[in-house]
Structures are given as C-alpha cells and as structure tokens.
file input.pdb (PDB, C-alpha atoms)
MODEL        1
ATOM      1  CA  MET A   1       0.000   0.000   0.000  1.00  0.00           C
ATOM      2  CA  LYS A   2       1.330   3.422  -0.951  1.00  0.00           C
ATOM      3  CA  LYS A   3       2.090   5.736   1.962  1.00  0.00           C
ATOM      4  CA  GLU A   4       0.739   9.284   1.744  1.00  0.00           C
ATOM      5  CA  GLY A   5       3.421  11.786   0.795  1.00  0.00           C
ATOM      6  CA  LYS A   6       5.760   9.208  -0.747  1.00  0.00           C
ATOM      7  CA  ARG A   7       7.153  10.303  -4.097  1.00  0.00           C
ATOM      8  CA  SER A   8       6.675   8.356  -7.296  1.00  0.00           C
ATOM      9  CA  LEU A   9       9.778   6.773  -8.852  1.00  0.00           C
ATOM     10  CA  THR A  10       9.082   8.803 -11.994  1.00  0.00           C
ATOM     11  CA  GLU A  11       8.666  12.131 -10.189  1.00  0.00           C
ATOM     12  CA  ALA A  12      11.393  14.772 -10.391  1.00  0.00           C
ATOM     13  CA  ARG A  13      13.437  15.370  -7.248  1.00  0.00           C
ATOM     14  CA  ILE A  14      14.466  18.886  -8.311  1.00  0.00           C
ATOM     15  CA  ASN A  15      12.707  22.257  -8.445  1.00  0.00           C
ATOM     16  CA  SER A  16      14.294  23.838 -11.520  1.00  0.00           C
ATOM     17  CA  LYS A  17      15.055  22.837 -15.087  1.00  0.00           C
ATOM     18  CA  PRO A  18      18.250  20.736 -15.175  1.00  0.00           C
ATOM     19  CA  ALA A  19      21.163  21.395 -17.499  1.00  0.00           C
ATOM     20  CA  THR A  20      21.523  19.067 -20.476  1.00  0.00           C
ATOM     21  CA  ILE A  21      24.635  16.957 -19.922  1.00  0.00           C
ATOM     22  CA  ALA A  22      23.921  14.029 -22.262  1.00  0.00           C
ATOM     23  CA  PRO A  23      25.622  14.268 -25.666  1.00  0.00           C
ATOM     24  CA  SER A  24      23.616  13.857 -28.860  1.00  0.00           C
ATOM     25  CA  PRO A  25      24.137  10.397 -30.327  1.00  0.00           C
ATOM     26  CA  ARG A  26      25.970   9.985 -33.612  1.00  0.00           C
ATOM     27  CA  LEU A  27      25.644   7.148 -36.093  1.00  0.00           C
ATOM     28  CA  PHE A  28      28.592   5.850 -38.141  1.00  0.00           C
ATOM     29  CA  ARG A  29      28.995   3.381 -40.992  1.00  0.00           C
ATOM     30  CA  LEU A  30      32.156   1.284 -40.780  1.00  0.00           C
ATOM     31  CA  SER A  31      34.051   0.194 -43.908  1.00  0.00           C
ATOM     32  CA  ASP A  32      32.316  -3.220 -43.793  1.00  0.00           C
ATOM     33  CA  GLY A  33      28.863  -1.551 -43.798  1.00  0.00           C
ATOM     34  CA  THR A  34      28.198  -2.132 -40.100  1.00  0.00           C
ATOM     35  CA  LEU A  35      26.333   0.689 -38.367  1.00  0.00           C
ATOM     36  CA  VAL A  36      27.802   1.861 -35.064  1.00  0.00           C
ATOM     37  CA  TRP A  37      25.960   4.146 -32.683  1.00  0.00           C
ATOM     38  CA  ASP A  38      28.347   6.234 -30.617  1.00  0.00           C
ATOM     39  CA  VAL A  39      28.221   9.137 -28.176  1.00  0.00           C
ATOM     40  CA  PHE A  40      31.936   9.249 -27.350  1.00  0.00           C
ATOM     41  CA  GLY A  41      33.707  10.029 -30.628  1.00  0.00           C
ATOM     42  CA  THR A  42      34.417   8.970 -34.176  1.00  0.00           C
ATOM     43  CA  PRO A  43      35.511   5.347 -34.633  1.00  0.00           C
ATOM     44  CA  PRO A  44      38.644   5.042 -36.819  1.00  0.00           C
ATOM     45  CA  GLY A  45      37.824   4.732 -40.525  1.00  0.00           C
ATOM     46  CA  ALA A  46      34.117   5.381 -40.025  1.00  0.00           C
ATOM     47  CA  GLU A  47      31.828   7.639 -42.023  1.00  0.00           C
ATOM     48  CA  GLU A  48      29.330   9.644 -39.973  1.00  0.00           C
ATOM     49  CA  ILE A  49      25.714   9.376 -41.049  1.00  0.00           C
ATOM     50  CA  PRO A  50      24.310  12.840 -40.371  1.00  0.00           C
ATOM     51  CA  ALA A  51      20.947  13.147 -38.639  1.00  0.00           C
ATOM     52  CA  ARG A  52      18.383  14.749 -40.917  1.00  0.00           C
ATOM     53  CA  SER A  53      15.610  16.815 -39.434  1.00  0.00           C
ATOM     54  CA  ALA A  54      12.145  15.380 -39.834  1.00  0.00           C
ATOM     55  CA  GLU A  55      11.384  18.316 -42.166  1.00  0.00           C
ATOM     56  CA  ASP A  56      14.346  17.485 -44.448  1.00  0.00           C
ATOM     57  CA  GLN A  57      12.811  14.249 -45.712  1.00  0.00           C
ATOM     58  CA  GLU A  58       9.285  13.508 -46.836  1.00  0.00           C
ATOM     59  CA  ARG A  59       8.547   9.975 -45.692  1.00  0.00           C
ATOM     60  CA  TYR A  60       8.555  10.073 -41.881  1.00  0.00           C
ATOM     61  CA  ARG A  61       7.271  12.475 -39.227  1.00  0.00           C
ATOM     62  CA  ILE A  62       8.186  12.114 -35.549  1.00  0.00           C
ATOM     63  CA  HIS A  63       5.318  12.875 -33.175  1.00  0.00           C
ATOM     64  CA  TYR A  64       5.854  13.111 -29.424  1.00  0.00           C
ATOM     65  CA  ALA A  65       3.930  13.999 -26.281  1.00  0.00           C
ATOM     66  CA  PHE A  66       4.974  14.324 -22.647  1.00  0.00           C
ATOM     67  CA  VAL A  67       2.291  12.508 -20.671  1.00  0.00           C
ATOM     68  CA  GLY A  68       1.515  11.494 -17.111  1.00  0.00           C
ATOM     69  CA  GLY A  69       1.900  14.855 -15.376  1.00  0.00           C
ATOM     70  CA  LYS A  70       4.362  15.412 -12.532  1.00  0.00           C
ATOM     71  CA  ARG A  71       3.948  12.074 -10.765  1.00  0.00           C
ATOM     72  CA  HIS A  72       4.165   9.557 -13.623  1.00  0.00           C
ATOM     73  CA  HIS A  73       6.215  11.252 -16.276  1.00  0.00           C
ATOM     74  CA  CYS A  74       6.675   9.656 -19.709  1.00  0.00           C
ATOM     75  CA  VAL A  75       7.337  10.648 -23.294  1.00  0.00           C
ATOM     76  CA  LYS A  76       5.317   8.917 -25.996  1.00  0.00           C
ATOM     77  CA  ILE A  77       6.883   8.851 -29.462  1.00  0.00           C
ATOM     78  CA  ASP A  78       5.402   7.572 -32.677  1.00  0.00           C
ATOM     79  CA  VAL A  79       6.810   7.778 -36.161  1.00  0.00           C
ATOM     80  CA  GLU A  80       4.295   8.380 -38.930  1.00  0.00           C
ATOM     81  CA  ASP A  81       4.963   6.944 -42.383  1.00  0.00           C
ATOM     82  CA  THR A  82       3.377   9.429 -44.812  1.00  0.00           C
ATOM     83  CA  THR A  83       3.389   6.825 -47.614  1.00  0.00           C
ATOM     84  CA  GLN A  84       0.908   4.692 -45.618  1.00  0.00           C
ATOM     85  CA  GLY A  85       2.975   1.649 -46.610  1.00  0.00           C
ATOM     86  CA  PRO A  86       5.028  -0.695 -44.448  1.00  0.00           C
ATOM     87  CA  HIS A  87       7.608   1.228 -42.425  1.00  0.00           C
ATOM     88  CA  ASP A  88      11.314   0.433 -42.105  1.00  0.00           C
ATOM     89  CA  ILE A  89      11.961   2.071 -38.721  1.00  0.00           C
ATOM     90  CA  ARG A  90      14.503  -0.050 -36.819  1.00  0.00           C
ATOM     91  CA  TRP A  91      14.760   1.864 -33.535  1.00  0.00           C
ATOM     92  CA  ILE A  92      13.644   5.021 -31.702  1.00  0.00           C
ATOM     93  CA  TYR A  93      15.825   6.915 -29.227  1.00  0.00           C
ATOM     94  CA  VAL A  94      15.089   9.774 -26.841  1.00  0.00           C
ATOM     95  CA  ARG A  95      17.947  11.937 -25.592  1.00  0.00           C
ATOM     96  CA  SER A  96      16.991  13.541 -22.304  1.00  0.00           C
ATOM     97  CA  TYR A  97      18.839  15.910 -19.965  1.00  0.00           C
ATOM     98  CA  THR A  98      20.950  13.237 -18.282  1.00  0.00           C
ATOM     99  CA  GLY A  99      21.067  10.354 -20.741  1.00  0.00           C
ATOM    100  CA  GLY A 100      18.907   8.528 -23.200  1.00  0.00           C
ATOM    101  CA  GLN A 101      16.804   5.478 -23.904  1.00  0.00           C
ATOM    102  CA  ILE A 102      16.460   3.315 -27.005  1.00  0.00           C
ATOM    103  CA  ARG A 103      13.719   0.930 -28.117  1.00  0.00           C
ATOM    104  CA  PHE A 104      14.133  -1.467 -31.015  1.00  0.00           C
ATOM    105  CA  ILE A 105      11.133  -1.999 -33.272  1.00  0.00           C
ATOM    106  CA  LYS A 106      10.243  -5.596 -34.178  1.00  0.00           C
ATOM    107  CA  GLU A 107       9.238  -6.365 -37.738  1.00  0.00           C
ATOM    108  CA  GLY A 108       5.494  -5.840 -38.053  1.00  0.00           C
ATOM    109  CA  GLN A 109       5.357  -3.709 -34.882  1.00  0.00           C
ATOM    110  CA  ALA A 110       4.070  -0.141 -35.149  1.00  0.00           C
ATOM    111  CA  PRO A 111       6.831   2.435 -34.573  1.00  0.00           C
ATOM    112  CA  GLU A 112       5.315   3.688 -31.294  1.00  0.00           C
ATOM    113  CA  VAL A 113       7.131   3.675 -27.956  1.00  0.00           C
ATOM    114  CA  LEU A 114       6.671   4.967 -24.424  1.00  0.00           C
ATOM    115  CA  PHE A 115       9.712   6.003 -22.395  1.00  0.00           C
ATOM    116  CA  ALA A 116       9.444   6.482 -18.613  1.00  0.00           C
ATOM    117  CA  MET A 117      11.336   9.499 -17.288  1.00  0.00           C
ATOM    118  CA  ALA A 118      12.769   9.648 -13.769  1.00  0.00           C
ATOM    119  CA  GLU A 119      14.868  11.894 -11.531  1.00  0.00           C
ATOM    120  CA  ASP A 120      16.104  15.064 -13.297  1.00  0.00           C
ATOM    121  CA  ASP A 121      14.641  13.964 -16.643  1.00  0.00           C
ATOM    122  CA  ALA A 122      11.154  13.992 -15.084  1.00  0.00           C
ATOM    123  CA  TYR A 123      11.306  17.716 -14.218  1.00  0.00           C
ATOM    124  CA  MET A 124       8.097  19.556 -15.125  1.00  0.00           C
ATOM    125  CA  PHE A 125       7.109  23.084 -14.197  1.00  0.00           C
ATOM    126  CA  CYS A 126       3.359  22.530 -14.353  1.00  0.00           C
ATOM    127  CA  GLN A 127       0.741  19.813 -13.825  1.00  0.00           C
ATOM    128  CA  ASN A 128      -0.498  19.618 -17.444  1.00  0.00           C
ATOM    129  CA  ASP A 129      -1.136  16.137 -18.800  1.00  0.00           C
ATOM    130  CA  PRO A 130      -0.233  16.053 -21.576  1.00  0.00           C
ATOM    131  CA  CYS A 131       2.418  18.771 -21.547  1.00  0.00           C
ATOM    132  CA  ILE A 132       1.357  21.766 -23.663  1.00  0.00           C
ATOM    133  CA  GLU A 133       4.986  22.726 -24.434  1.00  0.00           C
ATOM    134  CA  CYS A 134       4.512  26.219 -23.059  1.00  0.00           C
ATOM    135  CA  ALA A 135       6.889  29.167 -22.695  1.00  0.00           C
ATOM    136  CA  PHE A 136       8.406  27.649 -19.521  1.00  0.00           C
ATOM    137  CA  ALA A 137      10.243  25.302 -21.922  1.00  0.00           C
ATOM    138  CA  CYS A 138      10.680  22.471 -19.380  1.00  0.00           C
ATOM    139  CA  LYS A 139      11.466  19.934 -22.085  1.00  0.00           C
ATOM    140  CA  VAL A 140      13.478  22.023 -24.537  1.00  0.00           C
ATOM    141  CA  GLY A 141      16.727  20.073 -24.802  1.00  0.00           C
ATOM    142  CA  PHE A 142      15.073  16.692 -25.361  1.00  0.00           C
ATOM    143  CA  GLU A 143      15.809  15.203 -28.794  1.00  0.00           C
ATOM    144  CA  PHE A 144      14.059  12.345 -30.588  1.00  0.00           C
ATOM    145  CA  PHE A 145      15.725  10.070 -33.135  1.00  0.00           C
ATOM    146  CA  ALA A 146      14.392   7.338 -35.407  1.00  0.00           C
ATOM    147  CA  TYR A 147      16.517   5.163 -37.659  1.00  0.00           C
ATOM    148  CA  SER A 148      14.998   4.164 -40.993  1.00  0.00           C
ATOM    149  CA  ALA A 149      16.724   1.650 -43.277  1.00  0.00           C
ATOM    150  CA  SER A 150      15.737   3.787 -46.300  1.00  0.00           C
ATOM    151  CA  GLU A 151      15.936   7.352 -44.926  1.00  0.00           C
ATOM    152  CA  GLY A 152      18.786   7.047 -42.414  1.00  0.00           C
ATOM    153  CA  LEU A 153      18.837   8.875 -39.087  1.00  0.00           C
ATOM    154  CA  ILE A 154      15.892  11.241 -38.541  1.00  0.00           C
ATOM    155  CA  LYS A 155      15.861  13.801 -35.720  1.00  0.00           C
ATOM    156  CA  ASP A 156      13.331  16.087 -34.055  1.00  0.00           C
ATOM    157  CA  ALA A 157      13.454  18.057 -30.802  1.00  0.00           C
ATOM    158  CA  ALA A 158      11.116  19.400 -28.134  1.00  0.00           C
ATOM    159  CA  LYS A 159       9.876  22.902 -28.927  1.00  0.00           C
ATOM    160  CA  ILE A 160       7.891  25.710 -27.380  1.00  0.00           C
ATOM    161  CA  ILE A 161       4.513  25.397 -29.080  1.00  0.00           C
ATOM    162  CA  TYR A 162       2.160  27.246 -26.762  1.00  0.00           C
ATOM    163  CA  SER A 163       2.916  30.789 -25.622  1.00  0.00           C
ATOM    164  CA  ARG A 164       0.745  33.691 -24.516  1.00  0.00           C
TER     165      ARG A 164
ENDMDL
END
call {"tool": "encode", "arguments": {"input": "input.pdb", "output": "structure tokens"}}
result
Amino acid sequence: MKKEGKRSLTEARINSKPATIAPSPRLFRLSDGTLVWDVFGTPPGAEEIPARSAEDQERYRIHYAFVGGKRHHCVKIDVEDTTQGPHDIRWIYVRSYTGGQIRFIKEGQAPEVLFAMAEDDAYMFCQNDPCIECAFACKVGFEFFAYSASEGLIKDAAKIIYSR
C-alpha cells in the first residue's frame, strides 16, 4: 500500500530545469557496412551518417507527447509513415537531460514507444497532462531520433509550441 506523501519513482526530485549533460548520439557506418551508434567520438575509418531533421525528408514524421503529469512522467513517441505503406523504422531513441533510452522496433510492430522518465529527466514546471509545451520550456533540450533503413537517421526536438 502506498504511503501518503511518498514520491513516485518517476517524479522529479528537483525544483528547476536541469542542465543538459547528455551528448547527442551519432551514427557511423564502418568500412564493412556495419552501423555503429556512438556518443563518445568517431571510430577510426568510419563515415558519420548525419541526422536529418524530420522536415528534411518527406517519408517520416516524428510525433511526441509528454504525458503522465508530474507524478508519472513519460514521453510517448510515434513515427508516422506518410506513404501509408510498411515502415522500415529499426529503432527510436530519446535523448533527455541526463542520458537517453532506445527501443528497437520488431518487424510488423508499429513504430510507437513509451519512455518512462525519472529523476532530473522527469522535471516539469506545471501539472499539465499532456504537456502543452509552453513558454516555460521544461522539455526544450530533449531530442528524438528514429533510424529508418531507407531514410537514415531522422531527428526532431522538443519545442515551445504554446505561448501567450
């Protein structure tokens, strides 16, 4: 039984927006064609595959929403295939303030994932569920990546959408 006043595991323990310390991931193709995902530097003899913004290609759109409010904080990501055909998304990654999470997509599975946020990554200024991405910009700094076998690495980022 939950004790009154006990904090949720996915509730932020801080009272202000944390600094982003996690590096953006980079994807490389080795000379044998192997793809290597790296956040620490360029592997010898590798070619970097640049991340393209979702607007720079026509096939996929990354949609995201911060859900759950302050106590059960998650980010839901789905990748829309504008061709309405079978997708070739292999994985989805969220880069947060302090790290990141990756989910691999099984063949035949819809490219939709839910990532639980905890500790500093769960910081939210308000109680809105879902987050309205307001001028407080709690989540600016989060980045979303999807890897498509045909389109390569696709990137989007949290924005300020609602402002008065």
call {"tool": "residues_around", "arguments": {"input": "input.pdb", "residues": "Ala149 in chain A", "least_positions_apart": "4", "cutoff": "9 Å", "atoms": "all atoms listed in the file", "output": "JSON, numbers by chain"}}
result
{"A": [88, 89, 90, 153]}
call {"tool": "resolve_selection", "arguments": {"input": "input.pdb", "expression": "the PyMOL selection byres ((chain A and resi 42-50) around 12)", "output": "ChimeraX atom specification"}}
result
/A:24-41,51-53,56,145,147-148,151-155
call {"tool": "resolve_selection", "arguments": {"input": "input.pdb", "expression": "the PyMOL selection byres ((chain A and resi 114) around 7)", "output": "list in words"}}
result
Cys74, Val75, Lys76, Ile77, Val113, Phe115 and Ala116 of chain A
call {"tool": "resolve_selection", "arguments": {"input": "input.pdb", "expression": "the PyMOL selection byres ((chain A and resi 93) around 8)", "output": "ChimeraX atom specification"}}
result
/A:91-92,94-95,100-103,144-146
call {"tool": "residues_around", "arguments": {"input": "input.pdb", "residues": "Ala157 in chain A", "least_positions_apart": "6", "cutoff": "8 Å", "atoms": "all atoms listed in the file", "output": "number ranges by chain"}}
result
A: 140-144
call {"tool": "closest_residue", "arguments": {"input": "input.pdb", "among": "A:Asp81, A:Asp156, A:Asp121, A:Glu107", "to": "Ala54 in chain A", "atoms": "all atoms listed in the file"}}
result
A:Asp156
call {"tool": "closest_residue", "arguments": {"input": "input.pdb", "among": "A:Tyr97, A:Ser150, A:Ala110, A:Asp78", "to": "Lys17 in chain A", "atoms": "only C-alpha atoms"}}
result
A:Tyr97
call {"tool": "atom_distance", "arguments": {"input": "input.pdb", "atom1": "CA of Glu119 in chain A", "atom2": "CA of Ala65 in chain A"}}
result
18.5 Å
call {"tool": "closest_residue", "arguments": {"input": "input.pdb", "among": "A:Asp120, A:His87, A:Lys139, A:Ile21", "to": "Tyr64 in chain A", "atoms": "only C-alpha atoms"}}
result
A:Lys139
call {"tool": "closest_residue", "arguments": {"input": "input.pdb", "among": "A:Pro111, A:Gly68, A:Arg59, A:Thr98", "to": "Thr82 in chain A", "atoms": "only C-alpha atoms"}}
result
A:Arg59
call {"tool": "atom_distance", "arguments": {"input": "input.pdb", "atom1": "CA of Tyr123 in chain A", "atom2": "CA of Pro18 in chain A"}}
result
7.6 Å
call {"tool": "atom_distance", "arguments": {"input": "input.pdb", "atom1": "CA of His63 in chain A", "atom2": "CA of Gly99 in chain A"}}
result
20.2 Å
call {"tool": "axis_aligned_box", "arguments": {"input": "input.pdb", "around": "range 62-72 of chain A", "padding_each_side": "8 Å", "output": "JSON"}}
result
{"center_x": 4.9, "center_y": 12.5, "center_z": -23.2, "size_x": 22.7, "size_y": 21.9, "size_z": 40.8}
call {"tool": "decode", "arguments": {"input": "input.pdb", "residues": "range 53-93 of chain A", "atoms": "N, CA and C atoms", "output": "CSV table (one decimal), in the first residue's frame"}}
result
chain,number,residue,atom,x,y,z
A,53,SER,N,16.8,16.4,-40.2
A,53,SER,CA,15.6,16.8,-39.4
A,53,SER,C,14.4,16.2,-40.1
A,54,ALA,N,13.4,16.0,-39.3
A,54,ALA,CA,12.1,15.4,-39.8
A,54,ALA,C,11.6,16.2,-41.0
A,55,GLU,N,11.9,17.5,-41.1
A,55,GLU,CA,11.4,18.3,-42.2
A,55,GLU,C,12.2,18.2,-43.4
A,56,ASP,N,13.4,17.6,-43.3
A,56,ASP,CA,14.3,17.5,-44.4
A,56,ASP,C,14.1,16.2,-45.3
A,57,GLN,N,13.2,15.4,-44.9
A,57,GLN,CA,12.8,14.2,-45.7
A,57,GLN,C,11.3,14.1,-45.7
A,58,GLU,N,10.7,13.5,-46.7
A,58,GLU,CA,9.3,13.5,-46.8
A,58,GLU,C,8.6,12.3,-46.3
A,59,ARG,N,9.3,11.2,-46.0
A,59,ARG,CA,8.5,10.0,-45.7
A,59,ARG,C,8.1,9.9,-44.2
A,60,TYR,N,8.9,10.3,-43.3
A,60,TYR,CA,8.6,10.1,-41.9
A,60,TYR,C,8.4,11.4,-41.1
A,61,ARG,N,7.5,11.4,-40.2
A,61,ARG,CA,7.3,12.5,-39.2
A,61,ARG,C,7.3,11.9,-37.8
A,62,ILE,N,8.1,12.6,-36.9
A,62,ILE,CA,8.2,12.1,-35.5
A,62,ILE,C,7.2,12.9,-34.7
A,63,HIS,N,6.3,12.2,-34.1
A,63,HIS,CA,5.3,12.9,-33.2
A,63,HIS,C,5.7,12.5,-31.7
A,64,TYR,N,5.5,13.4,-30.8
A,64,TYR,CA,5.9,13.1,-29.4
A,64,TYR,C,4.9,13.9,-28.5
A,65,ALA,N,4.7,13.3,-27.3
A,65,ALA,CA,3.9,14.0,-26.3
A,65,ALA,C,4.5,13.6,-24.9
A,66,PHE,N,4.6,14.6,-24.0
A,66,PHE,CA,5.0,14.3,-22.6
A,66,PHE,C,3.7,14.1,-21.9
A,67,VAL,N,3.5,12.9,-21.3
A,67,VAL,CA,2.3,12.5,-20.7
A,67,VAL,C,2.5,12.1,-19.2
A,68,GLY,N,1.4,12.0,-18.5
A,68,GLY,CA,1.5,11.5,-17.1
A,68,GLY,C,1.6,12.5,-16.0
A,69,GLY,N,1.8,13.8,-16.4
A,69,GLY,CA,1.9,14.9,-15.4
A,69,GLY,C,3.2,14.7,-14.5
A,70,LYS,N,3.2,15.4,-13.4
A,70,LYS,CA,4.4,15.4,-12.5
A,70,LYS,C,4.7,14.1,-11.9
A,71,ARG,N,3.7,13.3,-11.6
A,71,ARG,CA,3.9,12.1,-10.8
A,71,ARG,C,4.3,10.8,-11.6
A,72,HIS,N,3.9,10.7,-12.8
A,72,HIS,CA,4.2,9.6,-13.6
A,72,HIS,C,4.6,10.0,-15.0
A,73,HIS,N,5.8,10.5,-15.1
A,73,HIS,CA,6.2,11.3,-16.3
A,73,HIS,C,6.8,10.3,-17.4
A,74,CYS,N,6.2,10.5,-18.6
A,74,CYS,CA,6.7,9.7,-19.7
A,74,CYS,C,6.7,10.5,-21.0
A,75,VAL,N,7.4,10.0,-22.0
A,75,VAL,CA,7.3,10.6,-23.3
A,75,VAL,C,6.9,9.5,-24.3
A,76,LYS,N,5.8,9.8,-25.0
A,76,LYS,CA,5.3,8.9,-26.0
A,76,LYS,C,5.8,9.4,-27.4
A,77,ILE,N,6.4,8.5,-28.1
A,77,ILE,CA,6.9,8.9,-29.5
A,77,ILE,C,6.3,7.9,-30.5
A,78,ASP,N,5.8,8.4,-31.6
A,78,ASP,CA,5.4,7.6,-32.7
A,78,ASP,C,5.9,8.2,-34.0
A,79,VAL,N,6.3,7.3,-34.9
A,79,VAL,CA,6.8,7.8,-36.2
A,79,VAL,C,5.8,7.5,-37.2
A,80,GLU,N,5.3,8.5,-37.9
A,80,GLU,CA,4.3,8.4,-38.9
A,80,GLU,C,5.0,8.2,-40.3
A,81,ASP,N,4.5,7.2,-41.0
A,81,ASP,CA,5.0,6.9,-42.4
A,81,ASP,C,3.9,7.6,-43.3
A,82,THR,N,4.3,8.7,-44.0
A,82,THR,CA,3.4,9.4,-44.8
A,82,THR,C,3.0,8.7,-46.1
A,83,THR,N,3.7,7.6,-46.4
A,83,THR,CA,3.4,6.8,-47.6
A,83,THR,C,2.3,5.8,-47.3
A,84,GLN,N,1.9,5.6,-46.1
A,84,GLN,CA,0.9,4.7,-45.6
A,84,GLN,C,1.3,3.2,-45.9
A,85,GLY,N,2.5,3.0,-46.3
A,85,GLY,CA,3.0,1.6,-46.6
A,85,GLY,C,3.7,1.1,-45.4
A,86,PRO,N,4.3,-0.1,-45.6
A,86,PRO,CA,5.0,-0.7,-44.4
A,86,PRO,C,6.3,0.2,-44.1
A,87,HIS,N,6.5,0.4,-42.8
A,87,HIS,CA,7.6,1.2,-42.4
A,87,HIS,C,8.9,0.4,-42.3
A,88,ASP,N,10.0,1.1,-42.3
A,88,ASP,CA,11.3,0.4,-42.1
A,88,ASP,C,12.1,1.1,-41.0
A,89,ILE,N,11.3,1.5,-39.9
A,89,ILE,CA,12.0,2.1,-38.7
A,89,ILE,C,12.5,0.9,-37.9
A,90,ARG,N,13.8,1.0,-37.6
A,90,ARG,CA,14.5,0.0,-36.8
A,90,ARG,C,14.6,0.2,-35.3
A,91,TRP,N,14.7,1.5,-34.9
A,91,TRP,CA,14.8,1.9,-33.5
A,91,TRP,C,14.4,3.3,-33.3
A,92,ILE,N,14.0,3.7,-32.1
A,92,ILE,CA,13.6,5.0,-31.7
A,92,ILE,C,14.4,5.3,-30.4
A,93,TYR,N,15.0,6.5,-30.4
A,93,TYR,CA,15.8,6.9,-29.2
A,93,TYR,C,15.4,8.3,-28.7
